[in-house]
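Heads up: the structure comes next, in structure tokens.
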Amino acid sequence: MARYDIEEVRRRFIGLEFAESRGRYPVEHDPIRRHCHMVEDMNPLFLDPDYARRSRWGAVICPPSGWLAMYFASLGPWPPVFEPLLPVVPTPGKRIVNMAQEVEWFDVIRVGDHLSVKRRIADIYQKPISIDPEAVWVVSESIIRNQEGKVVCVVRNTLLFHRTPEEVAAAQEGKEA
Amino acid sequence: MKRRQPYWEEVKVGEELPGFSLQINERRMYLQASGTQDWYPLHFDRDFARQAGHPDIFMNTGFMQAALVRVITDWMGDEGFLKKLYFEMRRQQRPGDLMVCKGRVVAKYVQDGQHIVECEVWAENEREGVTTPGRAWVVLPSRQGADDTG
């Protein structure tokens with residue numbers, strides 16, 4: 001099997017940009033409600049239209065979560081549509097773990113906004129973890145805008161791609177053979 | 001009824017944010033999938049998680065972020081604005097854990113006309129200690145006015 005060449009992968013993919021894509025639907029109440037439900041968040045700015053209307057924001061707003069912003073700026077898990085994102089980076093392992101996220105906010109997201117996202121690959125490097133000495137880390141940057149073209153947030157995400165212990169053992173046996 | 005509103009002048013470095021705790025159990029795993037729409041099996045399929053080398057399924061990034069965001073938004077009031085949040089998924093919250101989420105003010109300053117409070121935020125459990133350390137930068141209203149979001 002060909003040796004994984006991290007330098008070649010870095011040369012080919014760091015800086016790669018994807019076409020801007022628009023969320024399937026505008027920002028809606030119910031996904032916000034479900035998001036709040038999982039962590040028992042009772043904040044009326046996120047849940048109560050009457051209360052939120054009287055606030056400085058003028059409408060129900062999203063909890064400031066980069067995850068939720070990405071959800072509204074994307075096509076979502078159903079119907080299935082291929083969104084070219086990080087799996088385009090070749091990696092020895094296909095198992096994924098999210099390791100870190102930084103979200104910088106410039107405005108709130110309101111119910112009714114329609115978000116879009118432009119993504120790029122910011123960094124790729126190899127760093128061993130306990131279950132895979134050849135794990136690959138991929139840093140992406142997603143710029144999320146509202147329907148007026150205003151940047152509402154920038155999400156920098158670090159994903160780890162690793163092999164299963166069986167795959168690591170098989171690769172080791174292959175090297176020794 | 002309006003919620004309590006902290007002002008920048010009244011916040012003290014070292015002050016603790018109230019925080020909260022949540023039991024991580026089967027029901028919470030389902031709520032996680034519903035709330036994040038993350039259907040990667042690592043977070044609900046024990047065989048898949050163990051085959052990948054993990055001891056068990058664990059809470060995903062969207063869930064952990066929502067919890068850390070709640071620590072901040074519960075505290076910062078209706079006028080506060082979360083300017084930036086950084087966090088790391090270092091260890092795991094698994095079924096059976098009691099997840100405790102906390103925060104603490106570590107700095108306050110005025111920058112570009114904004115009254116900023118910097119906070120450590122984190123999630124922890126008895127089994128692994130701090131699982132998800134983070135840092136938040138929050139703009140709070142000032143008693144002197146002239147403060148806003150980004």
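How things are named: the first chain in the structure tokens is A, the next is B, and so on; residues count from 1 in each chain; ligands count from 1 in the order shown.
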(message) Residues of chain A within 8 Å of chain B, counting only C-alpha atoms, what are they? List them as number ranges by chain.
(response) A: 31-32, 34-39, 41, 43, 45, 55-56, 63-65, 67-68, 76-77, 95, 98-107, 131, 163-165
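Close contacts of Gly19 in chain B, defined as residues with an atom at most 8 Å away when counting only C-alpha atoms, with chain neighbours fewer than 3 positions off set aside, comprise Val71, Val100, Cys101, Lys102 and Gly103 of chain B.
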Given the selection you just returned, output its residues as a file containing N, CA and C atoms, formatted as a short mmCIF file (atom, residue, chain, number, x, y, z; two decimals), in the first residue's frame.
data_model
loop_
_atom_site.label_atom_id
_atom_site.label_comp_id
_atom_site.auth_asym_id
_atom_site.auth_seq_id
_atom_site.Cartn_x
_atom_site.Cartn_y
_atom_site.Cartn_z
N VAL B 71 -24.16 28.18 29.92
CA VAL B 71 -23.52 28.77 31.11
C VAL B 71 -23.39 30.28 30.93
N VAL B 100 -21.35 18.50 35.03
CA VAL B 100 -21.47 19.77 35.74
C VAL B 100 -20.80 20.84 34.88
N CYS B 101 -21.52 21.92 34.61
CA CYS B 101 -21.00 23.01 33.76
C CYS B 101 -20.85 24.26 34.61
N LYS B 102 -19.68 24.88 34.50
CA LYS B 102 -19.38 26.02 35.36
C LYS B 102 -18.66 27.11 34.57
N GLY B 103 -18.48 28.26 35.22
CA GLY B 103 -17.72 29.34 34.63
C GLY B 103 -17.17 30.25 35.70
#
(message) Considering only strand (DSSP E or B) as DSSP defines it on the backbone, what residues of chain B qualify? List them as a PyMOL selection string.
(response) chain B and resi 16-23+81-88+98-111+114-125+129-139
(message) Just checking: using only C-alpha atoms, which residue out of A:Gly23, A:Gly112, A:Gly58, A:Gly93 ends up closest to Ser74 in chain A?
(response) A:Gly23
(request) Please identify all polymer residues within 12 Å of Arg11 in chain A, counting only C-alpha atoms, omitting same-chain residues fewer than 6 positions from it, and present them as a list in words. (result)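 The neighbour list is Asp5, Val89, Ile121, Ala122, Asp123, Ile124 and Tyr125 of chain A.
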Take the residues that were just selected and, keeping C-alpha atoms, output them as a PDB file, in the first residue's frame.
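Below is the file part-v8.pdb, written as the result:
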ATOM      1  CA  ASP A   5       2.318  11.533   2.308  1.00  0.00           C
ATOM      2  CA  VAL A  89      -9.029  15.445   2.422  1.00  0.00           C
ATOM      3  CA  ILE A 121      -9.474  24.229   4.741  1.00  0.00           C
ATOM      4  CA  ALA A 122      -7.149  26.192   6.999  1.00  0.00           C
ATOM      5  CA  ASP A 123      -4.648  23.570   8.166  1.00  0.00           C
ATOM      6  CA  ILE A 124      -3.830  19.862   8.045  1.00  0.00           C
ATOM      7  CA  TYR A 125      -1.271  18.099  10.195  1.00  0.00           C
TER       8      TYR A 125
END
(request) Pick out the closest residue to Asn125 in chain B from this set: B:Asp97, B:Asp45, B:Asp112, B:Glu16. Count only C-alpha atoms. (result) B:Asp97
For Met70 in chain A, list every protein, DNA or RNA residue within 9 Å, evaluated using only C-alpha atoms, and leave out those in the same chain fewer than 5 positions away; present the list as an mmCIF file with C-alpha atoms, in the first residue's frame.
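Final file, around36.cif:
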data_model
loop_
_atom_site.group_PDB
_atom_site.id
_atom_site.type_symbol
_atom_site.label_atom_id
_atom_site.label_comp_id
_atom_site.auth_asym_id
_atom_site.auth_seq_id
_atom_site.Cartn_x
_atom_site.Cartn_y
_atom_site.Cartn_z
ATOM 1 C CA GLY A 23 -29.140 26.740 4.073
ATOM 2 C CA SER A 65 -23.687 28.126 19.003
ATOM 3 C CA LEU A 115 -27.886 31.807 6.233
ATOM 4 C CA SER A 116 -25.167 30.778 3.842
ATOM 5 C CA VAL A 117 -21.686 29.432 4.440
ATOM 6 C CA SER A 142 -16.530 28.540 7.855
ATOM 7 C CA ILE A 144 -21.492 32.315 7.871
ATOM 8 C CA VAL A 155 -16.419 29.001 12.923
#
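When only C-alpha atoms are used to compute distances to Trp78 in chain A, the closest of the residues A:Pro92, A:Arg24, A:Ile129, A:Pro44 turns out to be A:Arg24.
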(message) Just checking: using only C-alpha atoms, which residue out of A:Gln126, A:Tyr51, A:Ile61, A:Glu28 ends up closest to Val9 in chain A?
(response)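 Looking at the shortest contact to Val9 in chain A, the residue is A:Gln126.
The gap separating CA of Ile143 in chain A from CA of Arg156 in chain A is 8.9 Å, in Å to one decimal.
Relative to CA of Arg120 in chain A, CA of Pro80 in chain A is found at 21.7 Å.
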(request) Would you please extract all helix (DSSP H, G or I) residues from chain A, as assigned by DSSP on the backbone, and give them as an NGL selection string? (result) :A and (6-13 or 29-38 or 44-47 or 49-53 or 66-72 or 86-88 or 165-176)
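If you count only C-alpha atoms and ignore residues fewer than 5 places along the chain from Arg143 in chain B, what sits within 8 Å of it is Tyr7, Trp8 and Glu9 of chain B.
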(request) Would you work out the distance separating CA of Asn146 in chain A from CA of Tyr25 in chain A, expressed in Å to one decimal? (result)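 If I compute the distance from CA of Asn146 in chain A to CA of Tyr25 in chain A, I get 12.3 Å.
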